[in-house]
file query_0.csv (CSV, C-alpha atoms)
chain,number,residue,atom,x,y,z
A,242,MET,CA,-28.3,-0.9,-13.2
A,243,ILE,CA,-25.8,1.3,-15.2
A,244,THR,CA,-23.6,-0.9,-17.4
A,245,GLU,CA,-20.5,-0.1,-19.4
A,246,SER,CA,-22.6,-0.2,-22.6
A,247,ASP,CA,-24.8,2.6,-21.1
A,248,VAL,CA,-21.9,4.8,-20.4
A,249,TRP,CA,-20.3,4.2,-23.8
A,250,ALA,CA,-23.6,5.1,-25.5
A,251,LYS,CA,-23.6,8.4,-23.6
A,252,LEU,CA,-20.0,9.1,-24.5
A,253,ASP,CA,-20.5,8.2,-28.1
A,254,SER,CA,-23.4,10.6,-28.4
A,255,LEU,CA,-21.2,13.6,-27.5
A,256,ALA,CA,-20.1,16.3,-29.9
A,257,LYS,CA,-16.7,14.8,-30.7
A,258,PRO,CA,-15.2,12.1,-32.8
A,259,ARG,CA,-16.2,8.7,-31.4
A,260,ARG,CA,-13.7,7.4,-28.7
A,261,SER,CA,-11.4,10.3,-29.5
A,262,LEU,CA,-10.4,11.0,-25.9
A,263,GLY,CA,-9.1,7.5,-25.4
A,264,ARG,CA,-8.3,6.5,-21.8
A,265,LEU,CA,-10.1,9.6,-20.4
A,266,GLU,CA,-13.3,8.1,-21.7
A,267,GLU,CA,-12.4,4.7,-20.3
A,268,LEU,CA,-11.9,6.5,-16.9
A,269,ALA,CA,-15.3,8.1,-17.2
A,270,VAL,CA,-16.9,4.7,-17.8
A,271,ARG,CA,-15.2,3.3,-14.7
A,272,LEU,CA,-16.3,6.2,-12.5
A,273,ALA,CA,-19.9,6.0,-13.8
A,274,CYS,CA,-20.1,2.3,-13.3
A,275,VAL,CA,-18.7,2.4,-9.7
A,276,GLN,CA,-21.1,5.2,-8.7
A,277,GLN,CA,-23.9,3.7,-10.8
A,278,THR,CA,-24.9,7.0,-12.5
A,279,LEU,CA,-24.3,8.6,-15.9
A,280,THR,CA,-23.4,11.8,-14.0
A,281,PRO,CA,-20.7,10.7,-11.5
A,282,VAL,CA,-19.1,13.2,-9.2
A,283,VAL,CA,-15.6,13.3,-7.7
A,284,ARG,CA,-16.0,16.0,-5.0
A,285,PRO,CA,-15.9,16.0,-2.1
A,286,ARG,CA,-12.9,13.7,-1.8
A,287,SER,CA,-10.9,12.5,1.1
A,288,LEU,CA,-7.4,11.2,1.8
A,289,VAL,CA,-7.2,9.1,5.0
A,290,LEU,CA,-3.5,8.4,5.8
A,291,PHE,CA,-2.7,5.6,8.2
A,292,ALA,CA,0.7,5.7,10.0
A,293,ALA,CA,2.7,3.0,11.8
A,294,ASP,CA,6.2,1.7,12.5
A,295,HIS,CA,7.7,-1.6,11.6
A,296,GLY,CA,9.9,-3.7,13.8
A,297,VAL,CA,11.7,-5.2,10.9
A,298,VAL,CA,13.6,-1.8,10.5
A,299,ALA,CA,15.9,-3.0,13.3
A,300,SER,CA,17.1,-5.8,11.0
A,301,GLY,CA,18.5,-3.3,8.5
A,302,VAL,CA,16.0,-3.1,5.7
A,303,SER,CA,15.7,0.7,5.4
A,304,ALA,CA,17.9,3.6,4.6
A,305,TRP,CA,16.1,5.6,7.3
A,306,PRO,CA,15.7,5.2,11.0
A,307,ALA,CA,12.3,4.3,12.5
A,308,ASP,CA,11.8,7.6,14.2
A,309,VAL,CA,11.4,9.4,10.9
A,310,THR,CA,7.8,8.0,10.8
A,311,ALA,CA,6.8,10.3,13.6
A,312,LEU,CA,8.6,13.3,12.2
A,313,VAL,CA,6.8,12.9,8.9
A,314,VAL,CA,3.4,12.5,10.6
A,315,ARG,CA,4.0,15.8,12.4
A,316,ALA,CA,4.8,17.5,9.1
A,317,ILE,CA,1.7,16.1,7.5
A,318,VAL,CA,-0.6,17.2,10.3
A,319,ALA,CA,1.1,20.7,10.2
A,320,GLY,CA,0.4,20.9,6.5
A,321,ARG,CA,4.1,21.0,5.5
A,322,SER,CA,4.5,17.6,3.7
A,323,ALA,CA,4.2,16.8,0.0
A,324,SER,CA,0.9,15.0,0.6
A,325,ALA,CA,-0.5,17.9,2.6
A,326,ALA,CA,0.5,20.5,0.0
A,327,LEU,CA,-1.0,18.5,-2.8
A,328,ALA,CA,-4.2,17.8,-0.9
A,329,VAL,CA,-4.7,21.6,-0.6
A,330,THR,CA,-3.9,22.2,-4.2
A,331,TYR,CA,-6.4,19.5,-5.4
A,332,ARG,CA,-9.0,20.3,-2.8
A,333,CYS,CA,-8.9,17.0,-1.0
A,334,ASP,CA,-9.7,16.6,2.7
A,335,LEU,CA,-6.7,15.0,4.5
A,336,ARG,CA,-7.0,13.1,7.8
A,337,VAL,CA,-4.1,11.3,9.6
A,338,VAL,CA,-4.6,8.2,11.8
A,339,ASP,CA,-1.9,6.8,14.1
A,340,VAL,CA,-2.4,3.1,14.2
A,341,GLY,CA,1.1,2.1,15.4
A,342,VAL,CA,3.7,4.9,15.5
A,343,ALA,CA,6.3,4.0,18.1
A,344,ALA,CA,7.1,7.6,19.2
A,345,ASP,CA,4.7,9.4,21.5
A,346,LEU,CA,2.3,11.6,19.5
A,347,ASP,CA,-0.1,12.3,22.4
A,348,ASP,CA,0.7,16.0,22.2
A,349,ILE,CA,-0.8,16.3,18.8
A,350,ASP,CA,-4.2,17.9,19.1
A,351,ALA,CA,-5.6,18.7,15.7
A,352,PRO,CA,-8.9,18.2,14.0
A,353,ASN,CA,-7.3,16.2,11.1
A,354,PHE,CA,-5.5,13.8,13.4
A,355,ARG,CA,-6.8,10.7,15.2
A,356,HIS,CA,-5.1,8.6,17.9
A,357,SER,CA,-5.9,4.9,17.3
A,358,ARG,CA,-2.6,3.3,18.1
A,359,VAL,CA,-2.8,-0.5,18.2
A,360,ALA,CA,0.7,-0.9,19.6
A,361,PRO,CA,4.0,1.0,19.3
A,362,GLY,CA,4.9,-0.6,15.9
A,363,THR,CA,4.8,-4.2,14.7
A,364,ARG,CA,7.3,-6.9,15.8
A,365,ASP,CA,10.2,-7.8,13.6
A,366,LEU,CA,8.7,-9.9,10.8
A,367,SER,CA,12.1,-11.4,10.1
A,368,ARG,CA,12.0,-13.1,13.5
A,369,GLU,CA,8.4,-13.6,14.4
A,370,PRO,CA,4.8,-12.8,13.3
A,371,ALA,CA,4.5,-9.0,12.8
A,372,MET,CA,1.3,-8.9,14.9
A,373,SER,CA,-1.3,-11.0,16.7
A,374,SER,CA,-4.7,-11.9,15.3
A,375,SER,CA,-6.4,-9.6,17.7
A,376,GLU,CA,-4.0,-6.7,16.7
A,377,PHE,CA,-4.8,-7.3,13.1
A,378,ALA,CA,-8.5,-7.2,13.9
A,379,VAL,CA,-8.2,-3.9,15.8
A,380,ALA,CA,-6.2,-2.3,13.0
A,381,TRP,CA,-8.7,-3.5,10.4
A,382,ASP,CA,-11.6,-2.1,12.4
A,383,VAL,CA,-9.9,1.3,12.6
A,384,GLY,CA,-9.9,1.4,8.8
A,385,VAL,CA,-13.5,0.3,8.7
A,386,SER,CA,-14.4,3.2,11.0
A,387,GLU,CA,-12.5,5.7,9.0
A,388,ALA,CA,-14.2,4.6,5.7
A,389,ARG,CA,-17.7,4.8,7.3
A,390,ASN,CA,-16.9,8.3,8.6
A,391,ALA,CA,-15.6,9.5,5.2
A,392,VAL,CA,-18.7,8.1,3.5
A,393,ALA,CA,-20.9,9.8,6.1
A,394,ARG,CA,-19.2,13.1,5.4
A,395,GLY,CA,-20.3,12.8,1.8
A,396,SER,CA,-17.0,11.9,0.2
A,397,LYS,CA,-17.3,10.5,-3.4
A,398,VAL,CA,-13.7,9.6,-3.9
A,399,LEU,CA,-11.6,8.0,-1.1
A,400,ILE,CA,-7.8,7.7,-1.1
A,401,GLY,CA,-6.0,5.5,1.4
A,402,GLY,CA,-2.6,6.8,2.2
A,403,GLU,CA,0.2,5.4,4.4
A,404,MET,CA,3.4,6.4,6.2
A,405,GLY,CA,5.7,4.0,7.9
A,406,ILE,CA,9.5,3.5,7.6
A,407,GLY,CA,10.1,-0.1,6.6
A,408,ASN,CA,6.6,-0.6,5.1
A,409,THR,CA,7.8,-1.5,1.6
A,410,THR,CA,9.4,-4.6,3.2
A,411,ALA,CA,5.9,-5.7,4.4
A,412,ALA,CA,4.4,-4.7,1.0
A,413,ALA,CA,7.0,-6.8,-0.8
A,414,CYS,CA,6.2,-9.8,1.4
A,415,LEU,CA,2.5,-9.5,0.9
A,416,THR,CA,2.8,-9.0,-2.9
A,417,SER,CA,5.1,-12.0,-3.2
A,418,LEU,CA,2.7,-14.1,-1.1
A,419,LEU,CA,-0.5,-13.1,-2.8
A,420,THR,CA,0.7,-12.9,-6.5
A,421,ASP,CA,3.3,-15.8,-6.4
A,422,VAL,CA,5.9,-13.5,-7.8
A,423,PRO,CA,9.4,-14.3,-6.4
A,424,ALA,CA,10.7,-12.0,-3.7
A,425,ASP,CA,13.6,-10.7,-5.7
A,426,ARG,CA,11.1,-9.3,-8.1
A,427,THR,CA,8.8,-7.7,-5.5
A,428,THR,CA,11.5,-6.1,-3.4
A,429,GLY,CA,12.9,-2.7,-4.3
A,430,SER,CA,14.9,0.1,-2.7
A,431,GLY,CA,12.0,1.7,-1.0
A,432,ALA,CA,13.1,5.1,0.3
A,433,GLY,CA,16.6,4.8,-1.1
A,434,ALA,CA,18.2,1.6,0.2
A,435,ASP,CA,21.8,1.1,-1.0
A,436,ASP,CA,22.9,-2.2,-2.5
A,437,LYS,CA,23.9,-3.8,0.8
A,438,THR,CA,20.6,-2.8,2.5
A,439,LEU,CA,18.7,-4.0,-0.6
A,440,GLU,CA,20.3,-7.4,-0.4
A,441,THR,CA,19.4,-7.7,3.3
A,442,LYS,CA,15.9,-6.6,2.5
A,443,ARG,CA,15.5,-9.2,-0.3
A,444,ARG,CA,16.8,-12.0,1.9
A,445,ILE,CA,14.4,-11.1,4.7
A,446,VAL,CA,11.4,-10.8,2.3
A,447,SER,CA,12.2,-14.2,0.8
A,448,ALA,CA,12.5,-15.9,4.1
A,449,ALA,CA,9.5,-14.2,5.7
A,450,THR,CA,7.3,-14.9,2.7
A,451,SER,CA,8.2,-18.6,2.8
A,452,ARG,CA,7.2,-18.8,6.4
A,453,ALA,CA,4.0,-16.9,5.7
A,454,ARG,CA,3.1,-19.1,2.8
A,455,ALA,CA,3.2,-22.2,5.0
A,456,LEU,CA,0.7,-20.6,7.4
A,457,PHE,CA,-1.4,-19.1,4.6
A,458,ARG,CA,-2.2,-22.6,3.3
A,459,LYS,CA,-3.7,-23.5,6.6
A,460,ASP,CA,-5.2,-20.1,7.7
A,461,ILE,CA,-5.3,-17.2,5.3
A,462,ARG,CA,-5.5,-14.5,8.0
A,463,GLU,CA,-2.6,-16.0,10.0
A,464,GLY,CA,-0.4,-15.9,6.9
A,465,LEU,CA,-1.2,-12.3,6.2
A,466,LEU,CA,-0.8,-10.9,9.7
A,467,GLY,CA,2.6,-12.4,10.0
A,468,ILE,CA,4.0,-10.1,7.4
A,469,ALA,CA,1.7,-7.1,7.4
A,470,GLY,CA,1.9,-3.7,9.1
A,471,PHE,CA,-0.7,-2.0,11.2
A,472,GLU,CA,-1.2,0.8,8.6
A,473,ILE,CA,-1.6,-1.9,5.9
A,474,ALA,CA,-4.2,-3.8,7.9
A,475,ALA,CA,-6.1,-0.6,8.5
A,476,LEU,CA,-5.9,0.3,4.8
A,477,ALA,CA,-7.3,-3.1,4.0
A,478,GLY,CA,-10.2,-2.6,6.3
A,479,PHE,CA,-10.7,0.9,4.9
A,480,PHE,CA,-10.9,-0.5,1.3
A,481,ALA,CA,-13.2,-3.4,2.2
A,482,GLU,CA,-15.7,-1.2,4.0
A,483,ALA,CA,-15.6,1.6,1.4
A,484,ALA,CA,-16.3,-0.9,-1.4
A,485,LYS,CA,-19.7,-1.5,0.1
A,486,HIS,CA,-20.7,2.0,-0.9
A,487,PRO,CA,-21.0,3.7,-4.4
A,488,VAL,CA,-17.7,5.6,-3.9
A,489,VAL,CA,-14.6,5.5,-6.0
A,490,LEU,CA,-11.4,4.1,-4.4
A,491,LEU,CA,-8.5,5.9,-5.9
A,492,LEU,CA,-5.5,3.6,-5.3
A,493,ASP,CA,-2.1,5.1,-4.5
A,494,GLY,CA,1.3,3.3,-4.8
A,495,TYR,CA,3.0,0.1,-3.8
A,496,VAL,CA,2.1,-0.1,-0.1
A,497,ALA,CA,-1.5,0.9,-0.6
A,498,THR,CA,-1.8,-1.7,-3.4
A,499,ALA,CA,-0.4,-4.4,-1.1
A,500,ALA,CA,-3.2,-3.4,1.3
A,501,ALA,CA,-5.7,-3.7,-1.6
A,502,LEU,CA,-4.4,-7.2,-2.3
A,503,VAL,CA,-5.1,-8.1,1.4
A,504,ALA,CA,-8.6,-6.6,1.1
A,505,GLN,CA,-9.3,-8.4,-2.2
A,506,THR,CA,-8.2,-11.7,-0.6
A,507,LEU,CA,-10.4,-11.3,2.4
A,508,ARG,CA,-13.3,-9.6,0.7
A,509,PRO,CA,-13.3,-10.6,-3.0
A,510,GLY,CA,-14.8,-8.0,-5.3
A,511,VAL,CA,-13.2,-5.0,-3.6
A,512,ALA,CA,-11.0,-4.2,-6.6
A,513,THR,CA,-14.0,-3.5,-8.8
A,514,ARG,CA,-14.4,-0.2,-6.9
A,515,MET,CA,-10.8,0.8,-7.5
A,516,VAL,CA,-9.0,3.1,-10.0
A,517,ALA,CA,-5.2,2.8,-10.0
A,518,SER,CA,-3.7,6.2,-10.0
A,519,HIS,CA,-0.1,5.4,-11.0
A,520,LEU,CA,2.6,2.8,-11.5
A,521,SER,CA,5.2,3.0,-8.7
A,522,SER,CA,8.9,2.6,-9.5
A,523,GLU,CA,8.9,-0.2,-6.9
A,524,PRO,CA,9.4,-3.4,-9.0
A,525,GLY,CA,6.5,-5.4,-7.5
A,526,HIS,CA,3.8,-2.8,-8.1
A,527,ARG,CA,3.1,-3.8,-11.7
A,528,ALA,CA,2.5,-7.4,-10.6
A,529,ALA,CA,0.2,-6.3,-7.8
A,530,LEU,CA,-1.9,-4.1,-10.1
A,531,ALA,CA,-2.1,-6.9,-12.7
A,532,PHE,CA,-3.3,-9.3,-10.1
A,533,LEU,CA,-6.1,-6.8,-9.2
A,534,GLY,CA,-6.9,-6.3,-12.9
A,535,LEU,CA,-6.1,-2.6,-12.7
A,536,GLN,CA,-4.3,-0.4,-15.3
A,537,PRO,CA,-2.5,2.7,-13.8
A,538,LEU,CA,-3.4,6.2,-15.1
A,539,LEU,CA,0.1,7.6,-14.7
A,540,ASP,CA,3.6,6.3,-15.1
A,541,TRP,CA,5.7,9.1,-13.6
A,542,ASN,CA,8.3,7.1,-11.7
A,543,MET,CA,6.7,8.1,-8.3
A,544,ARG,CA,7.4,6.2,-5.1
A,545,LEU,CA,6.8,8.5,-2.2
A,546,GLY,CA,3.5,7.0,-0.9
A,547,GLU,CA,1.4,9.1,1.5
A,548,GLY,CA,-1.3,9.2,-1.1
A,549,THR,CA,0.7,11.6,-3.4
A,550,GLY,CA,0.4,9.5,-6.6
A,551,ALA,CA,-3.4,9.4,-6.1
A,552,LEU,CA,-3.5,13.1,-5.4
A,553,ALA,CA,-1.6,13.8,-8.6
A,554,ALA,CA,-4.2,11.8,-10.6
A,555,LEU,CA,-7.2,13.7,-9.3
A,556,PRO,CA,-7.3,16.2,-12.2
A,557,LEU,CA,-7.9,13.3,-14.6
A,558,LEU,CA,-10.9,12.3,-12.6
A,559,ASP,CA,-12.2,15.9,-12.8
A,560,GLY,CA,-11.8,15.8,-16.5
A,561,ALA,CA,-13.5,12.4,-16.9
A,562,VAL,CA,-16.7,13.4,-15.1
A,563,THR,CA,-16.7,16.7,-17.0
A,564,LEU,CA,-17.1,14.9,-20.2
A,565,LEU,CA,-20.3,13.2,-19.0
A,566,ARG,CA,-21.7,16.3,-17.4
A,567,ASP,CA,-20.8,19.3,-19.5
A,568,VAL,CA,-20.2,18.3,-23.2
A,569,ALA,CA,-23.1,18.8,-25.6
A,570,THR,CA,-24.5,15.9,-27.6
A,571,LEU,CA,-24.7,15.8,-31.3
A,572,ASP,CA,-28.5,15.8,-31.1
A,573,GLU,CA,-28.4,19.0,-29.0
A,574,MET,CA,-26.3,20.6,-31.8
A,575,GLY,CA,-28.6,19.3,-34.5
A,576,VAL,CA,-25.9,17.1,-36.0
A,577,SER,CA,-26.3,13.5,-37.2
A,578,ARG,CA,-23.4,11.2,-37.1
A,579,GLU,CA,-22.4,9.3,-40.2
A,580,ASP,CA,-20.6,6.1,-39.3
call {"tool": "encode", "arguments": {"input": "query_0.csv", "output": "C-alpha cells"}}
result
Amino acid sequence: MITESDVWAKLDSLAKPRRSLGRLEELAVRLACVQQTLTPVVRPRSLVLFAADHGVVASGVSAWPADVTALVVRAIVAGRSASAALAVTYRCDLRVVDVGVAADLDDIDAPNFRHSRVAPGTRDLSREPAMSSSEFAVAWDVGVSEARNAVARGSKVLIGGEMGIGNTTAAACLTSLLTDVPADRTTGSGAGADDKTLETKRRIVSAATSRARALFRKDIREGLLGIAGFEIAALAGFFAEAAKHPVVLLLDGYVATAAALVAQTLRPGVATRMVASHLSSEPGHRAALAFLGLQPLLDWNMRLGEGTGALAALPLLDGAVTLLRDVATLDEMGVSRED
C-alpha cells in the first residue's frame, strides 16, 4: 500500500529544495495515494455532465426560465458552450446525459449524448418531495452506469458536471441539511438572482430543509430525495461508483459538491477519492467542502458549474504528476542533501 509518507519521501528526494513547491506537492501526494502508485497519471480524463430541470423554478427561485436548461444542453453537445470549449483545450472527453430535462431532446443524435430521462424534471420541492424513491434510485443508477463506462474506457480522472436551471436551490437545501449550516448561509444568487428572487429562494430553502430534516431523522434517503435533483442523484451515484476504483474524482462547484455530500452520506469514504478543484462564489460551498475535508485548489470567484471549475484546474494535476515522473533525484545528480 502506498502511503503519504512514501510519496513525500519520493518528493523529498527530488533535485529541488525540500517542500519548495508547496501545494503542488500536496496535490501530487493526494493523486499518488488515490491511484496507489508513485507514478500517477491524469490522462485520459472524462467529464460526464448530467442535465435535469427542477420544478421549484416555477416558485420564483431563478433569474432564468426553465427552458434554458435544454438550450444550454444543445450548446454543450454542439461544442459551443464554455464547458465544451474548455474540455477541448484541456483534452478532456465530454459526455452529456439527460436525466430529467423537461424539453424534448429526442432529436439529438450525437455520440457524446445519452438519453436517460427519469422524468421531465423534478416536482416543486417547495410544495412536495422533489422525486419518489424509485426515481431517485433510477437516477442514481444512471450515474453508476456512467462511472463504470468511464472507468472501462480507461479514464484516470473523472469530473462530474451538471446543468439544470434552479439546481442551486436544491444544492442549498442539501448543504444546509447535511452540514447543519443555516439556510441563509447556504443560499446564494445562483445564476444571477436579484434581491427579491434571492429572498424568495432563501425562504423556500429554509422551509424545504426543515421538512427534509424531519424525514431525514427517520429515513436518510427519504430526507434526501425530497430536496434533490435528478442530476444531483445521478452525480451522487457517479461518485459512489467511481470511488470503488483507483481513479481521481476532480470535484467541480457548488452543485457537484452537494452531490458529493449525498454520496458521502450514503457511501461513507467517497470523499477520500476526491480533489476539490475550486471554491465557488456560492456562499454554502465553503461549508460543504469543509464537511468533506477538502481544500480547494483555486479561488477564482467561479460559479458557472458544468464542470468548468474542474476543467480549469486540470493543468495543476498535469504539473503535480510531472513532478513525480520527470524530475531527477539528488542521487541521480550525484548530490547529497545537507539538512
call {"tool": "residues_around", "arguments": {"input": "query_0.csv", "residues": "A:Leu366", "least_positions_apart": "5", "cutoff": "6 Å", "atoms": "only C-alpha atoms", "output": "list in words"}}
result
Val297, Ala371 and Ile468 of chain A
call {"tool": "atom_distance", "arguments": {"input": "query_0.csv", "atom1": "atom CA of A:Arg315", "atom2": "atom CA of A:Val496"}}
result
20.3 Å
call {"tool": "closest_atom_pairs", "arguments": {"input": "query_0.csv", "of": "stretch 320-410 of chain A", "to": "stretch 424-438 of chain A", "cutoff": "10 Å", "atoms": "all atoms listed in the file", "output": "tab-separated table"}}
result
residue	atom	partner	partner_atom	distance
A:Ile406	CA	A:Ala432	CA	8.3
A:Gly407	CA	A:Gly431	CA	8.0
A:Asn408	CA	A:Gly431	CA	8.5
A:Thr409	CA	A:Gly431	CA	5.9
A:Thr410	CA	A:Thr428	CA	7.1
call {"tool": "closest_residue", "arguments": {"input": "query_0.csv", "among": "A:Ser367, A:Pro556, A:Asn542, A:Arg394", "to": "A:Arg443", "atoms": "all atoms listed in the file"}}
result
A:Ser367
call {"tool": "residues_around", "arguments": {"input": "query_0.csv", "residues": "A:Gly575", "least_positions_apart": "3", "cutoff": "12 Å", "atoms": "all atoms listed in the file", "output": "compact mmCIF listing (two decimals) with C-alpha atoms, in the frame of the given file"}}
result
# COMPACT_ATOMS: atom_id res chain seq x y z
CA SER A 254 -23.40 10.60 -28.40
CA LEU A 255 -21.20 13.60 -27.50
CA ALA A 256 -20.10 16.30 -29.90
CA ALA A 569 -23.10 18.80 -25.60
CA THR A 570 -24.50 15.90 -27.60
CA LEU A 571 -24.70 15.80 -31.30
CA ASP A 572 -28.50 15.80 -31.10
CA ARG A 578 -23.40 11.20 -37.10
call {"tool": "atom_distance", "arguments": {"input": "query_0.csv", "atom1": "atom CA of A:Ala269", "atom2": "atom CA of A:Thr330"}}
result
22.3 Å
call {"tool": "closest_residue", "arguments": {"input": "query_0.csv", "among": "A:Thr441, A:Thr420, A:Ser577, A:Ser518", "to": "A:Leu539", "atoms": "all atoms listed in the file"}}
result
A:Ser518
call {"tool": "residues_around", "arguments": {"input": "query_0.csv", "residues": "A:Val289", "least_positions_apart": "5", "cutoff": "10 Å", "atoms": "only C-alpha atoms", "output": "ChimeraX atom specification"}}
result
/A:334-338,353-354,384,387-388,391,399-403,476,479,547-548
call {"tool": "write_last_selection", "arguments": {"input": "query_0.csv", "atoms": "C-alpha atoms", "output": "PDB file, in the frame of the given file"}}
result
ATOM      1  CA  ASP A 334      -9.700  16.600   2.700  1.00  0.00           C
ATOM      2  CA  LEU A 335      -6.700  15.000   4.500  1.00  0.00           C
ATOM      3  CA  ARG A 336      -7.000  13.100   7.800  1.00  0.00           C
ATOM      4  CA  VAL A 337      -4.100  11.300   9.600  1.00  0.00           C
ATOM      5  CA  VAL A 338      -4.600   8.200  11.800  1.00  0.00           C
ATOM      6  CA  ASN A 353      -7.300  16.200  11.100  1.00  0.00           C
ATOM      7  CA  PHE A 354      -5.500  13.800  13.400  1.00  0.00           C
ATOM      8  CA  GLY A 384      -9.900   1.400   8.800  1.00  0.00           C
ATOM      9  CA  GLU A 387     -12.500   5.700   9.000  1.00  0.00           C
ATOM     10  CA  ALA A 388     -14.200   4.600   5.700  1.00  0.00           C
ATOM     11  CA  ALA A 391     -15.600   9.500   5.200  1.00  0.00           C
ATOM     12  CA  LEU A 399     -11.600   8.000  -1.100  1.00  0.00           C
ATOM     13  CA  ILE A 400      -7.800   7.700  -1.100  1.00  0.00           C
ATOM     14  CA  GLY A 401      -6.000   5.500   1.400  1.00  0.00           C
ATOM     15  CA  GLY A 402      -2.600   6.800   2.200  1.00  0.00           C
ATOM     16  CA  GLU A 403       0.200   5.400   4.400  1.00  0.00           C
ATOM     17  CA  LEU A 476      -5.900   0.300   4.800  1.00  0.00           C
ATOM     18  CA  PHE A 479     -10.700   0.900   4.900  1.00  0.00           C
ATOM     19  CA  GLU A 547       1.400   9.100   1.500  1.00  0.00           C
ATOM     20  CA  GLY A 548      -1.300   9.200  -1.100  1.00  0.00           C
TER      21      GLY A 548
END
call {"tool": "residues_near_point", "arguments": {"input": "query_0.csv", "point": "(-21.8, 14.3, -20.1)", "cutoff": "10 Å", "atoms": "all atoms listed in the file", "output": "VMD selection string"}}
result
chain A and resid 248 251 to 252 254 to 255 269 279 to 281 561 to 570
call {"tool": "closest_residue", "arguments": {"input": "query_0.csv", "among": "A:Ala344, A:Ala497, A:Val398, A:Ala351", "to": "A:Ala413", "atoms": "all atoms listed in the file"}}
result
A:Ala497
call {"tool": "residues_near_point", "arguments": {"input": "query_0.csv", "point": "(-1.6, 14.5, -10.5)", "cutoff": "12 Å", "atoms": "all atoms listed in the file", "output": "NGL selection string"}}
result
:A and (324 or 327-328 or 330-331 or 491 or 493 or 518-519 or 538-541 or 543 or 548-560)
